[in-house]
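Participant: Okay, so here is upload-v1.txt, and as you'll see once you scroll down, it has compact mmCIF, C-alpha atoms (C1' of nucleotides) and all ligand atoms.
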# COMPACT_ATOMS: atom_id res chain seq x y z
CA MET A 216 -13.97 2.64 11.16
CA SER A 217 -15.56 2.30 7.79
CA CYS A 218 -12.20 1.20 6.44
CA SER A 219 -12.02 -1.68 8.86
CA GLN A 220 -15.68 -2.62 8.44
CA GLU A 221 -15.03 -4.04 5.01
CA TYR A 222 -12.72 -6.63 6.48
CA THR A 223 -15.29 -8.13 8.84
CA PRO A 224 -16.82 -10.60 6.36
CA GLN A 225 -13.37 -11.76 5.28
CA LEU A 226 -12.51 -12.65 8.84
CA ARG A 227 -15.88 -14.24 9.56
CA ALA A 228 -15.59 -16.40 6.47
CA ARG A 229 -12.41 -17.89 7.90
CA GLY A 230 -13.87 -18.52 11.31
CA TYR A 231 -12.29 -15.48 12.93
CA ARG A 232 -13.95 -12.62 14.75
CA MET A 233 -13.93 -8.88 14.36
CA THR A 234 -13.11 -7.17 17.63
CA PRO A 235 -12.71 -3.55 18.73
CA GLN A 236 -8.98 -4.15 18.96
CA ARG A 237 -8.78 -5.38 15.36
CA HIS A 238 -11.00 -2.54 14.21
CA ALA A 239 -8.73 0.02 15.80
CA ILE A 240 -5.55 -1.50 14.49
CA LEU A 241 -6.90 -1.85 10.96
CA HIS A 242 -8.10 1.74 11.18
CA VAL A 243 -4.63 2.90 12.16
CA LEU A 244 -3.02 0.97 9.31
CA CYS A 245 -5.59 2.18 6.78
CA HIS A 246 -5.09 5.83 7.56
CA SER A 247 -1.33 5.86 7.72
CA GLY A 248 0.28 5.89 4.33
CA LYS A 249 3.50 4.45 5.64
CA HIS A 250 5.14 1.59 7.51
CA LEU A 251 4.47 1.62 11.23
CA THR A 252 6.28 -0.10 14.05
CA PRO A 253 4.23 -2.15 16.51
CA SER A 254 4.72 0.47 19.18
CA GLU A 255 3.58 3.23 16.82
CA VAL A 256 0.46 1.19 16.08
CA TYR A 257 -0.05 0.66 19.79
CA ALA A 258 0.27 4.37 20.58
CA LYS A 259 -2.42 5.27 18.04
CA ALA A 260 -4.81 2.38 18.54
CA GLN A 261 -4.71 2.75 22.30
CA LYS A 262 -6.62 6.02 21.98
CA GLN A 263 -9.59 4.17 20.54
CA VAL A 264 -9.55 1.07 22.70
CA ALA A 265 -9.02 1.57 26.40
CA GLY A 266 -6.99 -1.19 27.99
CA LEU A 267 -5.37 -2.31 24.75
CA THR A 268 -2.09 -4.06 25.43
CA GLU A 269 1.10 -4.25 23.41
CA ALA A 270 0.92 -8.04 23.43
CA THR A 271 -2.40 -7.81 21.62
CA VAL A 272 -0.91 -5.42 19.07
CA TYR A 273 1.94 -7.80 18.30
CA ARG A 274 -0.44 -10.72 18.03
CA THR A 275 -2.94 -8.81 15.92
CA LEU A 276 -0.35 -7.51 13.46
CA GLU A 277 0.95 -11.03 12.98
CA PHE A 278 -2.61 -12.28 12.59
CA LEU A 279 -3.46 -9.64 9.99
CA ALA A 280 -0.29 -10.45 8.09
CA GLU A 281 -1.07 -14.16 8.05
CA ASN A 282 -4.48 -13.39 6.66
CA GLY A 283 -3.25 -11.04 3.98
CA LEU A 284 -4.75 -7.84 5.41
CA ALA A 285 -1.43 -6.37 6.50
CA ARG A 286 2.05 -6.60 5.09
CA PRO A 287 5.11 -6.98 7.29
CA SER A 288 8.31 -5.45 6.07
CA HIS A 289 11.97 -5.53 6.99
CA VAL A 290 13.45 -2.10 6.63
CA GLY A 291 16.97 -3.00 7.55
CA ASN A 292 17.21 -2.38 11.27
CA GLY A 293 16.15 -5.88 12.16
CA ARG A 294 12.74 -4.74 13.31
CA LEU A 295 9.45 -5.51 11.63
CA VAL A 296 7.14 -2.75 10.46
CA TYR A 297 3.64 -3.09 9.05
CA GLU A 298 1.29 -1.43 6.59
CA ILE A 299 -2.15 -2.12 5.17
CA ALA A 300 -2.13 -4.52 2.23
CA ASN A 301 -3.89 -2.56 -0.48
CA HIS A 302 -1.47 -2.42 -3.37
CA GLU A 303 1.44 -4.54 -4.53
CA HIS A 304 4.77 -2.85 -4.23
CA HIS A 305 8.34 -3.17 -3.08
CA HIS A 306 10.88 -0.77 -1.64
CA ILE A 307 14.40 0.43 -2.26
CA LYS A 308 16.18 1.91 0.70
CA CYS A 309 19.44 3.82 0.91
CA ARG A 310 21.98 2.21 3.21
CA ASN A 311 23.59 5.57 3.79
CA CYS A 312 20.86 8.15 4.41
CA GLY A 313 17.83 5.91 4.94
CA ASP A 314 15.88 7.44 2.07
CA GLU A 315 13.26 5.08 0.74
CA MET A 316 11.10 4.78 -2.34
CA GLU A 317 8.39 2.49 -3.57
CA VAL A 318 8.84 0.22 -6.57
CA GLU A 319 6.02 -1.13 -8.69
CA HIS A 320 5.66 -4.88 -8.80
CA THR A 321 5.53 -4.81 -12.58
CA LEU A 322 9.26 -4.14 -12.61
CA LEU A 323 9.86 -7.48 -10.87
CA LYS A 324 7.15 -9.46 -12.58
CA SER A 325 9.23 -11.21 -15.20
CA MET A 326 11.90 -11.97 -12.61
CA TYR A 327 9.23 -13.51 -10.36
CA GLN A 328 8.16 -15.75 -13.25
CA LYS A 329 11.76 -16.75 -13.91
CA LEU A 330 12.19 -17.60 -10.24
CA GLU A 331 9.01 -19.63 -10.22
CA SER A 332 9.94 -21.74 -13.22
CA ALA A 333 13.51 -22.21 -12.02
CA SER A 334 12.54 -23.22 -8.51
CA GLY A 335 9.13 -24.80 -8.80
CA TYR A 336 7.96 -22.53 -6.01
CA GLN A 337 4.82 -20.44 -6.33
CA LEU A 338 5.73 -16.97 -5.08
CA THR A 339 3.09 -15.50 -2.83
CA ASP A 340 4.63 -12.39 -1.26
CA SER A 341 5.09 -9.17 -3.20
CA HIS A 342 6.73 -6.94 -0.67
CA VAL A 343 10.50 -6.94 -0.75
CA THR A 344 13.00 -4.32 0.34
CA PHE A 345 16.17 -3.84 -1.70
CA PHE A 346 19.13 -1.90 -0.37
CA GLY A 347 21.59 0.38 -2.08
CA LEU A 348 22.78 3.94 -2.42
CA CYS A 349 20.43 6.72 -3.45
CA PRO A 350 21.52 9.14 -6.20
CA ASP A 351 22.60 11.80 -3.69
CA CYS A 352 24.67 9.44 -1.60
CA GLN A 353 26.37 8.06 -4.71
CA LYS A 354 27.61 11.54 -5.57
CA SER A 355 28.94 12.42 -2.17
CA GLU A 356 30.42 8.96 -1.71
CA ASN A 357 29.65 9.25 2.00
CA VAL A 358 30.86 5.85 3.14
CA MET B 111 41.29 -19.63 12.77
CA SER B 112 42.93 -19.59 9.40
CA CYS B 113 39.61 -18.66 7.90
CA SER B 114 39.31 -15.58 10.07
CA GLN B 115 42.95 -14.63 9.68
CA GLU B 116 42.37 -13.49 6.13
CA TYR B 117 40.00 -10.81 7.35
CA THR B 118 42.49 -9.10 9.65
CA PRO B 119 44.05 -6.82 7.03
CA GLN B 120 40.62 -5.79 5.77
CA LEU B 121 39.64 -4.63 9.23
CA ARG B 122 42.98 -2.92 9.91
CA ALA B 123 42.75 -1.02 6.68
CA ARG B 124 39.51 0.52 7.89
CA GLY B 125 40.86 1.44 11.29
CA TYR B 126 39.27 -1.49 13.10
CA ARG B 127 40.94 -4.18 15.17
CA MET B 128 40.99 -7.93 15.09
CA THR B 129 40.08 -9.43 18.44
CA PRO B 130 39.71 -12.97 19.79
CA GLN B 131 35.96 -12.40 19.88
CA ARG B 132 35.83 -11.45 16.20
CA HIS B 133 38.13 -14.33 15.31
CA ALA B 134 35.86 -16.79 17.04
CA ILE B 135 32.67 -15.42 15.54
CA LEU B 136 34.13 -15.33 12.03
CA HIS B 137 35.38 -18.87 12.55
CA VAL B 138 31.90 -20.01 13.52
CA LEU B 139 30.33 -18.33 10.50
CA CYS B 140 32.98 -19.68 8.12
CA HIS B 141 32.51 -23.27 9.17
CA SER B 142 28.74 -23.34 9.23
CA GLY B 143 27.24 -23.64 5.79
CA LYS B 144 23.95 -22.14 6.91
CA HIS B 145 22.22 -19.19 8.51
CA LEU B 146 22.79 -18.93 12.25
CA THR B 147 20.88 -17.03 14.89
CA PRO B 148 22.85 -14.79 17.24
CA SER B 149 22.33 -17.22 20.09
CA GLU B 150 23.57 -20.12 17.96
CA VAL B 151 26.67 -18.09 17.16
CA TYR B 152 27.05 -17.28 20.83
CA ALA B 153 26.78 -20.93 21.88
CA LYS B 154 29.54 -21.98 19.49
CA ALA B 155 31.88 -19.02 19.85
CA GLN B 156 31.68 -19.11 23.62
CA LYS B 157 33.64 -22.36 23.59
CA GLN B 158 36.63 -20.58 22.10
CA VAL B 159 36.48 -17.32 24.01
CA ALA B 160 35.87 -17.54 27.73
CA GLY B 161 33.77 -14.70 29.05
CA LEU B 162 32.22 -13.86 25.70
CA THR B 163 28.89 -12.12 26.17
CA GLU B 164 25.77 -12.12 24.04
CA ALA B 165 25.90 -8.34 23.78
CA THR B 166 29.27 -8.67 22.07
CA VAL B 167 27.89 -11.26 19.68
CA TYR B 168 25.03 -9.00 18.65
CA ARG B 169 27.37 -6.06 18.22
CA THR B 170 29.95 -8.09 16.33
CA LEU B 171 27.45 -9.60 13.91
CA GLU B 172 26.12 -6.15 13.13
CA PHE B 173 29.66 -4.87 12.74
CA LEU B 174 30.63 -7.69 10.37
CA ALA B 175 27.50 -7.08 8.33
CA GLU B 176 28.23 -3.36 8.04
CA ASN B 177 31.70 -4.18 6.80
CA GLY B 178 30.56 -6.75 4.28
CA LEU B 179 32.05 -9.81 5.98
CA ALA B 180 28.73 -11.24 7.09
CA ARG B 181 25.28 -11.17 5.58
CA PRO B 182 22.16 -10.67 7.68
CA SER B 183 19.00 -12.28 6.49
CA HIS B 184 15.32 -12.16 7.32
CA VAL B 185 13.87 -15.62 7.17
CA GLY B 186 10.33 -14.65 7.96
CA ASN B 187 9.98 -15.00 11.71
CA GLY B 188 11.03 -11.43 12.37
CA ARG B 189 14.42 -12.48 13.67
CA LEU B 190 17.75 -11.85 11.99
CA VAL B 191 20.11 -14.67 11.09
CA TYR B 192 23.64 -14.39 9.74
CA GLU B 193 26.06 -16.20 7.48
CA ILE B 194 29.53 -15.58 6.11
CA ALA B 195 29.56 -13.40 2.99
CA ASN B 196 31.40 -15.55 0.50
CA HIS B 197 29.05 -15.95 -2.43
CA GLU B 198 26.17 -13.95 -3.84
CA HIS B 199 22.85 -15.64 -3.50
CA HIS B 200 19.24 -15.24 -2.47
CA HIS B 201 16.66 -17.52 -0.91
CA ILE B 202 13.17 -18.77 -1.54
CA LYS B 203 11.31 -20.02 1.48
CA CYS B 204 8.04 -21.91 1.77
CA ARG B 205 5.45 -20.13 3.88
CA ASN B 206 3.82 -23.44 4.67
CA CYS B 207 6.53 -25.96 5.56
CA GLY B 208 9.54 -23.68 5.98
CA ASP B 209 11.57 -25.42 3.30
CA GLU B 210 14.21 -23.17 1.84
CA MET B 211 16.46 -23.13 -1.20
CA GLU B 212 19.21 -20.92 -2.53
CA VAL B 213 18.82 -18.88 -5.70
CA GLU B 214 21.71 -17.70 -7.83
CA HIS B 215 22.06 -13.97 -8.22
CA THR B 216 22.30 -14.33 -11.98
CA LEU B 217 18.57 -15.02 -12.06
CA LEU B 218 17.94 -11.55 -10.61
CA LYS B 219 20.70 -9.71 -12.40
CA SER B 220 18.69 -8.16 -15.21
CA MET B 221 15.95 -7.19 -12.75
CA TYR B 222 18.55 -5.49 -10.57
CA GLN B 223 19.70 -3.48 -13.58
CA LYS B 224 16.14 -2.55 -14.42
CA LEU B 225 15.61 -1.40 -10.84
CA GLU B 226 18.79 0.62 -10.88
CA SER B 227 17.93 2.50 -14.05
CA ALA B 228 14.34 3.07 -13.01
CA SER B 229 15.22 4.34 -9.53
CA GLY B 230 18.64 5.88 -9.87
CA TYR B 231 19.72 3.84 -6.88
CA GLN B 232 22.85 1.73 -6.97
CA LEU B 233 21.91 -1.63 -5.47
CA THR B 234 24.49 -2.93 -3.03
CA ASP B 235 22.91 -5.91 -1.27
CA SER B 236 22.49 -9.26 -2.95
CA HIS B 237 20.78 -11.31 -0.29
CA VAL B 238 17.02 -11.30 -0.47
CA THR B 239 14.50 -13.84 0.74
CA PHE B 240 11.39 -14.48 -1.33
CA PHE B 241 8.39 -16.31 0.06
CA GLY B 242 5.97 -18.70 -1.52
CA LEU B 243 4.80 -22.29 -1.62
CA CYS B 244 7.16 -25.14 -2.39
CA PRO B 245 6.13 -27.77 -4.98
CA ASP B 246 5.01 -30.22 -2.30
CA CYS B 247 2.88 -27.71 -0.46
CA GLN B 248 1.26 -26.60 -3.70
CA LYS B 249 0.03 -30.14 -4.33
CA SER B 250 -1.36 -30.78 -0.90
CA GLU B 251 -2.86 -27.29 -0.74
CA ASN B 252 -2.15 -27.27 2.98
CA VAL B 253 -3.30 -23.78 3.86
C1' DT C 82 59.87 -3.50 23.80
C1' DT C 83 57.31 0.17 26.01
C1' DC C 84 53.90 3.70 25.80
C1' DC C 85 49.72 5.89 24.23
C1' DT C 86 45.45 6.36 21.88
C1' DT C 87 41.04 4.76 21.32
C1' DA C 88 38.41 0.76 19.46
C1' DT C 89 36.29 -2.92 21.79
C1' DT C 90 34.48 -5.49 25.53
C1' DG C 91 31.74 -6.88 29.72
C1' DC C 92 28.42 -5.59 32.75
C1' DA C 93 23.98 -4.37 34.10
C1' DA C 94 19.84 -2.01 33.17
C1' DA C 95 16.39 -1.04 29.76
C1' DA C 96 13.62 -1.86 25.77
C1' DA C 97 11.38 -4.92 22.53
C1' DG C 98 9.01 -9.01 21.59
C1' DT C 99 6.91 -13.74 23.07
C1' DT C 100 4.09 -17.01 25.53
C1' DG C 101 0.91 -19.72 28.90
C1' DC C 102 -3.19 -19.32 31.04
C1' DA C 103 -7.55 -17.91 32.96
C1' DA C 104 -11.21 -14.55 32.07
C1' DT C 105 -13.84 -12.39 28.55
C1' DA C 106 -16.75 -11.56 24.72
C1' DA C 107 -17.91 -12.42 19.56
C1' DC C 108 -21.24 -14.57 17.15
C1' DA C 109 -23.58 -18.91 15.49
C1' DT C 110 -27.55 -21.38 16.82
C1' DA C 111 -31.87 -22.07 18.58
C1' DT D 184 -33.49 -12.51 22.43
C1' DA D 185 -31.10 -15.98 25.29
C1' DT D 186 -27.45 -19.58 25.32
C1' DG D 187 -23.21 -22.10 24.40
C1' DT D 188 -18.92 -22.57 22.09
C1' DT D 189 -14.48 -21.07 21.54
C1' DA D 190 -11.67 -17.27 19.47
C1' DT D 191 -9.53 -13.47 21.57
C1' DT D 192 -7.80 -10.61 25.14
C1' DG D 193 -5.19 -8.97 29.31
C1' DC D 194 -1.99 -10.08 32.50
C1' DA D 195 2.41 -11.27 34.04
C1' DA D 196 6.44 -13.85 33.52
C1' DC D 197 9.92 -14.71 30.32
C1' DT D 198 13.14 -14.39 26.39
C1' DT D 199 15.57 -11.66 23.08
C1' DT D 200 17.90 -7.51 21.69
C1' DT D 201 19.74 -2.86 22.62
C1' DT D 202 22.40 0.60 25.06
C1' DG D 203 25.40 3.63 28.34
C1' DC D 204 29.45 3.49 30.61
C1' DA D 205 33.75 2.31 32.73
C1' DA D 206 37.53 -1.05 32.22
C1' DT D 207 40.33 -3.39 28.96
C1' DA D 208 43.42 -4.38 25.34
C1' DA D 209 44.77 -3.95 20.06
C1' DG D 210 48.20 -2.18 17.59
C1' DG D 211 50.67 2.18 15.75
C1' DA D 212 54.58 4.97 17.06
C1' DA D 213 58.70 5.82 19.53
MN MN A 401 5.51 -1.16 1.84
MN MN A 402 21.95 -16.85 2.65
ZN ZN A 403 21.07 8.12 0.50
ZN ZN A 404 6.40 -26.24 1.65
The structure given in the file should be rewritten as structure tokens.
Ligand SMILES: [Mn+2]
Ligand SMILES: [Mn+2]
Ligand SMILES: [Zn+2]
Ligand SMILES: [Zn+2]
Facilitator:
Amino acid sequence: MSCSQEYTPQLRARGYRMTPQRHAILHVLCHSGKHLTPSEVYAKAQKQVAGLTEATVYRTLEFLAENGLARPSHVGNGRLVYEIANHEHHHIKCRNCGDEMEVEHTLLKSMYQKLESASGYQLTDSHVTFFGLCPDCQKSENV
Amino acid sequence: MSCSQEYTPQLRARGYRMTPQRHAILHVLCHSGKHLTPSEVYAKAQKQVAGLTEATVYRTLEFLAENGLARPSHVGNGRLVYEIANHEHHHIKCRNCGDEMEVEHTLLKSMYQKLESASGYQLTDSHVTFFGLCPDCQKSENV
DNA sequence: TTCCTTATTGCAAAAAGTTGCAATAACATA
DNA sequence: TATGTTATTGCAACTTTTTGCAATAAGGAA
């Protein structure tokens, strides 16, 4: 509720509207400390907004991502997941056991600058997932 | 044909089999210098293997990726695309116009090492897509 | 070459995600 | 507060991707 209220002026300023559906979905994202699939978001938000449809959830998540309020993420299964955009970070995920950890953006900062000067691009997104083997899976060599 | 033939022993060594379907799909990937969607792969491979189904294409692309012969990639629309795994590289893509360029892995190498020592993970995948604004789109400020 | 094991495929149904369109409702304006 | 504009939603049809299962065929062994 309160969490989503702060976003209202941001949307208004861009000519968009705050709706009960967006409130509920932002609320769900705010209070879940992890990545959620669209259907997980739907299951939770549905309890607050009767009649909410999955189509609206998909459209809203994409909308929030485009406007910088949510971050989409690819966690390796080909499906998109989302989280609230409140701090810059990246992820490392284990290809073997699925274990995942956050990585501070500062670790990539100088590489981002190198990429920008080498390419001429201005990098806007700070939410990347890297894949590898976690310490445990390296030991056991479970391939 | 010839291109896919070289992969046969690799598959055999792991207990897998080479099939006309895998031949055709590897052939398609080998001779296309770019990322292909599953349905693009299907459209091309179908011409060589009568009766090929899309389900097989999806399963084969995933299989090839798991075995390091193909690389899946997220290009920002939530859909996976694939390419043959023959050289290490990454991508930068423009959020505005969709323009895309390759990035050599050497530019990320020291960051990869930093990530590995900070996390304890051993990074295995070298195919990441970064997003930003290309030089042209920065000028015109088309948001 | 023939036989046998089982990895792989095709099929069809299900699940996930997208889209066009008419009805609704947010909110700027008066 | 009442009104008008149009951003947003729900619905339903559609496309894309996944999955269980029985039939097929790759390829090792005899
Ligand atoms: Mn995240
Ligand atoms: Mn690539
Ligand atoms: Zn692991
Ligand atoms: Zn651009």
Participant: Show me, as a ChimeraX atom specification, the residues that have an atom within 12 Å of region 187-202 of chain D when counting all atoms listed in the file, minus same-chain residues fewer than 2 positions from it.
Facilitator: /A:226-227,229-237,265-272,274-275,278,292-294 /B:147-149,164-169,172,188-190 /C:92-111 /D:185,204
Participant: Find the residues in chain A near chain B: any atom within 6 Å counts, using all atoms listed in the file. Write them as number ranges by chain.
Facilitator: A: 335-340, 346-350
Participant: Put those residues in a file: C-alpha atoms, as a JSON list (two decimals), in the frame of the given file.
Facilitator:
[["chain", "number", "residue", "atom", "x", "y", "z"],
["A", 335, "GLY", "CA", 9.13, -24.80, -8.80],
["A", 336, "TYR", "CA", 7.96, -22.53, -6.01],
["A", 337, "GLN", "CA", 4.82, -20.44, -6.33],
["A", 338, "LEU", "CA", 5.73, -16.97, -5.08],
["A", 339, "THR", "CA", 3.09, -15.50, -2.83],
["A", 340, "ASP", "CA", 4.63, -12.39, -1.26],
["A", 346, "PHE", "CA", 19.13, -1.90, -0.37],
["A", 347, "GLY", "CA", 21.59, 0.38, -2.08],
["A", 348, "LEU", "CA", 22.78, 3.94, -2.42],
["A", 349, "CYS", "CA", 20.43, 6.72, -3.45],
["A", 350, "PRO", "CA", 21.52, 9.14, -6.20]]
Participant: Would you mind listing the residues within 7 Å of ligand MN 402 (chain A), counting only C-alpha atoms (C1' of nucleotides) and all ligand atoms, as a VMD selection string?
Facilitator: chain B and resid 145 183 193 199 to 201 237
Participant: At a cut-off of 9 Å, which residues of chain C touch chain B? Count all atoms listed in the file and give the answer as number ranges by chain.
Facilitator: C: 88-91
Participant: Could you check the closest approach to ligand ZN 403 (chain A) for each of A:Cys312, A:Asn282, A:Thr321, A:Ser355 and tell me which residue wins, using all atoms listed in the file?
Facilitator: A:Cys312
Participant: Rounded to one decimal in Å, what is the spacing between CA of Ala260 (chain A) and CA of Pro224 (chain A)?
Facilitator: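 Here the two named atoms are 21.5 Å from each other.
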Participant: Rank nothing, just name the residue among A:Ser219, A:Ser332, A:Asp314, A:Arg286 nearest to ligand ZN 403 (chain A), using only C-alpha atoms and all ligand atoms.
Facilitator: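 Once distances to ligand ZN 403 (chain A) are computed over only C-alpha atoms and all ligand atoms, the minimum belongs to A:Asp314.
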Participant: Calculate how many Å separate C1' of DT83 (chain C) from C1' of DA205 (chain D), rounding to one decimal.
Facilitator: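 Computing it gives 24.6 Å between the two atoms.
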Participant: Expressed in Å to a single decimal, how great is the separation between CA of Ile299 (chain A) and CA of Ala228 (chain A)?
Facilitator: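 Between these atoms lies a distance of 19.7 Å.
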Participant: Enclose all atoms of region 202-206 of chain D listed in the file in an axis-aligned box, grow every side by 3 Å, and hand back centre and edge lengths in Å to one decimal, as AutoDock Vina command-line options.
Facilitator:
--center_x 30.0 --center_y 1.3 --center_z 28.9 --size_x 21.1 --size_y 10.7 --size_z 13.7
Participant: Which one of A:Ala239, A:Cys218, A:Leu244, A:Val256 sits closest to ligand MN 401 (chain A) if you count only C-alpha atoms and all ligand atoms?
Facilitator: A:Leu244
Participant: How about completing region 172-180 of chain B with all heavy atoms and giving it to me as an mmCIF file, keeping the file's coordinate frame?
Facilitator:
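Done, and the output landed in part_38.cif:
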data_model
loop_
_atom_site.group_PDB
_atom_site.id
_atom_site.type_symbol
_atom_site.label_atom_id
_atom_site.label_comp_id
_atom_site.auth_asym_id
_atom_site.auth_seq_id
_atom_site.Cartn_x
_atom_site.Cartn_y
_atom_site.Cartn_z
ATOM 1 N N GLU B 172 26.520 -7.380 13.812
ATOM 2 C CA GLU B 172 26.120 -6.150 13.130
ATOM 3 C C GLU B 172 27.337 -5.467 12.497
ATOM 4 O O GLU B 172 27.280 -4.996 11.356
ATOM 5 C CB GLU B 172 25.451 -5.212 14.136
ATOM 6 C CG GLU B 172 24.668 -4.092 13.482
ATOM 7 C CD GLU B 172 23.965 -3.231 14.528
ATOM 8 O OE1 GLU B 172 23.893 -3.637 15.707
ATOM 9 O OE2 GLU B 172 23.511 -2.135 14.148
ATOM 10 N N PHE B 173 28.417 -5.456 13.237
ATOM 11 C CA PHE B 173 29.660 -4.870 12.740
ATOM 12 C C PHE B 173 30.153 -5.590 11.487
ATOM 13 O O PHE B 173 30.518 -4.966 10.484
ATOM 14 C CB PHE B 173 30.719 -4.918 13.850
ATOM 15 C CG PHE B 173 32.115 -4.644 13.382
ATOM 16 C CD1 PHE B 173 32.559 -3.330 13.247
ATOM 17 C CD2 PHE B 173 32.984 -5.683 13.070
ATOM 18 C CE1 PHE B 173 33.856 -3.072 12.814
ATOM 19 C CE2 PHE B 173 34.267 -5.431 12.632
ATOM 20 C CZ PHE B 173 34.713 -4.125 12.500
ATOM 21 N N LEU B 174 30.171 -6.907 11.526
ATOM 22 C CA LEU B 174 30.630 -7.690 10.370
ATOM 23 C C LEU B 174 29.722 -7.466 9.171
ATOM 24 O O LEU B 174 30.190 -7.399 8.034
ATOM 25 C CB LEU B 174 30.682 -9.181 10.728
ATOM 26 C CG LEU B 174 31.701 -9.578 11.798
ATOM 27 C CD1 LEU B 174 31.579 -11.062 12.127
ATOM 28 C CD2 LEU B 174 33.124 -9.241 11.346
ATOM 29 N N ALA B 175 28.427 -7.331 9.429
ATOM 30 C CA ALA B 175 27.500 -7.080 8.330
ATOM 31 C C ALA B 175 27.758 -5.709 7.707
ATOM 32 O O ALA B 175 27.787 -5.574 6.489
ATOM 33 C CB ALA B 175 26.062 -7.187 8.829
ATOM 34 N N GLU B 176 27.971 -4.710 8.555
ATOM 35 C CA GLU B 176 28.230 -3.360 8.040
ATOM 36 C C GLU B 176 29.490 -3.316 7.187
ATOM 37 O O GLU B 176 29.612 -2.507 6.280
ATOM 38 C CB GLU B 176 28.389 -2.370 9.191
ATOM 39 C CG GLU B 176 27.076 -1.853 9.739
ATOM 40 C CD GLU B 176 27.283 -1.124 11.056
ATOM 41 O OE1 GLU B 176 28.446 -0.972 11.484
ATOM 42 O OE2 GLU B 176 26.272 -0.724 11.651
ATOM 43 N N ASN B 177 30.432 -4.182 7.516
ATOM 44 C CA ASN B 177 31.700 -4.180 6.800
ATOM 45 C C ASN B 177 31.773 -5.245 5.709
ATOM 46 O O ASN B 177 32.849 -5.526 5.188
ATOM 47 C CB ASN B 177 32.853 -4.334 7.794
ATOM 48 C CG ASN B 177 33.060 -3.058 8.581
ATOM 49 O OD1 ASN B 177 33.697 -2.119 8.111
ATOM 50 N ND2 ASN B 177 32.480 -2.991 9.772
ATOM 51 N N GLY B 178 30.632 -5.851 5.417
ATOM 52 C CA GLY B 178 30.560 -6.750 4.280
ATOM 53 C C GLY B 178 31.137 -8.130 4.495
ATOM 54 O O GLY B 178 31.263 -8.902 3.553
ATOM 55 N N LEU B 179 31.496 -8.482 5.732
ATOM 56 C CA LEU B 179 32.050 -9.810 5.980
ATOM 57 C C LEU B 179 30.970 -10.830 6.309
ATOM 58 O O LEU B 179 31.156 -12.027 6.136
ATOM 59 C CB LEU B 179 33.069 -9.763 7.137
ATOM 60 C CG LEU B 179 34.199 -8.742 6.979
ATOM 61 C CD1 LEU B 179 35.253 -8.958 8.060
ATOM 62 C CD2 LEU B 179 34.839 -8.838 5.618
ATOM 63 N N ALA B 180 29.849 -10.344 6.802
ATOM 64 C CA ALA B 180 28.730 -11.240 7.090
ATOM 65 C C ALA B 180 27.487 -10.702 6.404
ATOM 66 O O ALA B 180 27.418 -9.519 6.067
ATOM 67 C CB ALA B 180 28.486 -11.337 8.597
#
